[in-house]
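A quick write-up on the structure given underneath.
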Amino acid sequence: MIQHVGHAVMMLILALALTACNDRKEAADNKKLRVVATIFPVYDFARIVAGDRAEVQLLLPPGVEPHNYEPKPEEAVRISRADLFVYTDSYMEPWAGSLLRGIAAKDGPLVVEAGHGAELLPAADHGDEHGAGDHEKHGAMDPHIWLDPANARLMIANIASAFAQRDPANAATYKANAARYDADLAALDERFRNGLSSCRQRTFLHGGHFAFAYLAKRYGLAYRSAYGVSAEAEPTPRQLVGLVREMRERHLRYIFSEELLSPAVAETIARETGATVLKLNGIHNVGKADLDKGVSYLSLMEENLKSLRTGLECH
């Protein structure tokens, strides 16, 4: 799993602290905040809240799987120079604590824990033998909170409050942007609720890591994954046999794969059961082409709804 940011990174951050201070003054003079956001959901939310009042940068390189990510020295320096640093929480970005301790006393950025206040689910809460081993050693909670639109609304509110704190002169703009987006998220939530209310199946199986428990709980679905919260894990033969058996017992015609990870596990299960593979997007990150194209949390969630309606055989 992710290790603490090394001593060399800390020394580099401290050495550039004065430069960071000057950079923030320059950004203030230009009347635009510098914002660094860790993963795609918080990046997209921060962009929405900021509007044209900030330059928001995505820390995670496009296409990189985030669970095993650790900032490089130049990326850590970029954080130290920002006005705001937006991350999910200590479960999604366990490296953040040690890095932020290294810059907090040196006029570092305002730190925004976007997921603060969200009700967390245990990482092990996906039941039976499917992937029930590898995540236990992490002792973690499930970090994929943004896949419940109610949590996305909470994250937007936290981000908007932080922007208003850092830039009081434009607080009304940030709050207005957040309010409009909150309405969009409420509408998204309603589309999911209605779209998944009349389905032949209420269980979906996923040949990837344990990412969709919040979404499943929100809409009263049962969810199984091939392995736990660690995206680098692999299912055991016993776990694969269990998923194949459940597919057959429940007469499931679809198995889901996910973005950024190989669909090999889902394809193996599909071959054994005659099922069709559909994609679900955990929205951790996006590829460069999608980033350039301007995909958003809302557009990716709409794609997820379409896939779920097909996979659950909804009316």
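Going by the structure tokens order, chains are called A, B, ..., each with residues numbered from 1, while ligands are numbered from 1 in the order shown.
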message = Which residues are close to segment 54-61 of chain A, i.e. within 12 Å by only C-alpha atoms, leaving aside same-chain residues fewer than 5 positions away? Reply as a PyMOL selection string.
response = chain A and resi 27-28+30-49+66-72+74-79+81-87+93+163-164+166-167+170+173-174+284-288+291
Each residue of segment 23-104 of chain A lying at most 10 Å from segment 249-268 of chain A should get a row with its shortest atom-to-atom pair and the distance in Å to one decimal, counting only C-alpha atoms; could you produce that, ordered by chain and increasing number, as a Markdown table?
| residue | atom | partner | partner_atom | distance |
| --- | --- | --- | --- | --- |
| A:Gly63 | CA | A:Leu260 | CA | 6.6 |
| A:Val64 | CA | A:Leu260 | CA | 7.3 |
| A:Glu65 | CA | A:Leu260 | CA | 6.2 |
| A:Pro66 | CA | A:Leu260 | CA | 9.5 |
request  = Rounded to one decimal place, report the atom CA of Ile156 of chain A-atom CA of Tyr181 of chain A distance in Å.
outcome  =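 Pair atom CA of Ile156 of chain A / atom CA of Tyr181 of chain A returns 8.1 Å.
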message = Using DSSP secondary structure from the backbone, list all helix (DSSP H, G or I) positions within segment 51-287 of chain A, as a VMD selection string.
response = chain A and resid 73 to 81 96 to 103 136 to 138 145 to 147 149 to 166 168 to 195 213 to 218 237 to 249 264 to 273
query = Could you state the separation of atom CA of Asp290 of chain A and atom CA of Trp95 of chain A in Å, given to one decimal place?
reply =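 Interatomic distance here is 26.4 Å.
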message = Give me, as a PyMOL selection string, the residues of segment 119-312 of chain A that a backbone DSSP run labels strand (DSSP E).
response = chain A and resi 203-206+222-225+254-258+276-280
query = Nearest to Leu240 of chain A: which of A:Gly97, A:Ala213, A:Thr273, A:Leu312 is it, counting only C-alpha atoms?
reply = A:Thr273
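Residue neighbourhood of Tyr214 of chain A, excluding near-sequence residues (fewer than 6 positions): Ile145, Leu147 and Asp148 of chain A, at 7 Å, using only C-alpha atoms.
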Let's have the selection written as a tab-separated table (two decimals), in the first residue's frame, with C-alpha atoms.
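The resulting file, out_9.tsv, is shown below:
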chain	number	residue	atom	x	y	z
A	145	ILE	CA	-17.88	8.05	-1.18
A	147	LEU	CA	-20.46	7.39	-6.00
A	148	ASP	CA	-23.41	8.26	-3.77
message = Env of Ala157 of chain A: 9 Å cut, atoms = only C-alpha atoms, seq-sep filter 6 positions within chain, self excluded. Answer as a list in words.
response = Ala114, Lys175, Ala178, Ala179 and Asp182 of chain A
Take the residues from that selection and put them in a file with C-alpha atoms, as a PDB file, in the first residue's frame.
ATOM      1  CA  ALA A 114     -13.953  17.301   0.724  1.00  0.00           C
ATOM      2  CA  LYS A 175     -21.889  29.627  -3.013  1.00  0.00           C
ATOM      3  CA  ALA A 178     -22.321  25.316  -5.535  1.00  0.00           C
ATOM      4  CA  ALA A 179     -26.081  25.836  -5.206  1.00  0.00           C
ATOM      5  CA  ASP A 182     -26.309  20.924  -5.872  1.00  0.00           C
TER       6      ASP A 182
END
message = Taking 2 positions as the minimum chain separation for residues in the same chain, which residues sit within 10 Å of Trp146 of chain A when counting only C-alpha atoms? Answer as a ChimeraX atom specification.
response = /A:41-42,88,114-115,118,143-144,148-155,212,214-215,282-284,297
Go ahead and dump the residues you just picked, C-alpha atoms, as an mmCIF file, in the first residue's frame.
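And here is the file that came out, selection06.cif:
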data_model
loop_
_atom_site.group_PDB
_atom_site.id
_atom_site.type_symbol
_atom_site.label_atom_id
_atom_site.label_comp_id
_atom_site.auth_asym_id
_atom_site.auth_seq_id
_atom_site.Cartn_x
_atom_site.Cartn_y
_atom_site.Cartn_z
ATOM 1 C CA PRO A 41 -14.169 13.790 -8.552
ATOM 2 C CA VAL A 42 -12.763 16.482 -6.267
ATOM 3 C CA THR A 88 -11.115 13.288 -0.427
ATOM 4 C CA ALA A 114 -13.953 17.301 0.724
ATOM 5 C CA GLY A 115 -15.362 14.140 2.274
ATOM 6 C CA ALA A 118 -19.648 11.625 5.082
ATOM 7 C CA PRO A 143 -13.118 5.486 0.325
ATOM 8 C CA HIS A 144 -15.411 5.638 -2.752
ATOM 9 C CA ASP A 148 -23.405 8.259 -3.772
ATOM 10 C CA PRO A 149 -24.784 11.585 -5.094
ATOM 11 C CA ALA A 150 -25.746 12.562 -1.546
ATOM 12 C CA ASN A 151 -22.075 12.409 -0.605
ATOM 13 C CA ALA A 152 -21.180 14.361 -3.748
ATOM 14 C CA ARG A 153 -23.523 17.112 -2.531
ATOM 15 C CA LEU A 154 -21.761 17.128 0.841
ATOM 16 C CA MET A 155 -18.381 17.361 -0.878
ATOM 17 C CA PHE A 212 -19.589 0.568 -5.744
ATOM 18 C CA TYR A 214 -22.087 3.470 -1.691
ATOM 19 C CA LEU A 215 -23.988 3.507 -4.969
ATOM 20 C CA GLY A 282 -15.680 4.380 -10.493
ATOM 21 C CA ILE A 283 -14.754 7.941 -11.564
ATOM 22 C CA HIS A 284 -11.429 7.799 -9.716
ATOM 23 C CA TYR A 297 -18.755 13.547 -12.867
#
inquiry  = From the options A:Asp189, A:Asp142, A:Glu234, A:Glu302, which residue's atoms come nearest to Gly207 of chain A, counting only C-alpha atoms?
reply    =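 Of A:Asp189, A:Asp142, A:Glu234, A:Glu302, the one nearest Gly207 of chain A, counting only C-alpha atoms, is A:Glu234.
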query = atom CA of Met301 of chain A to atom CA of Leu188 of chain A: how many Å, to one decimal?
reply =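 Atom-to-atom, atom CA of Met301 of chain A to atom CA of Leu188 of chain A, that is 8.2 Å.
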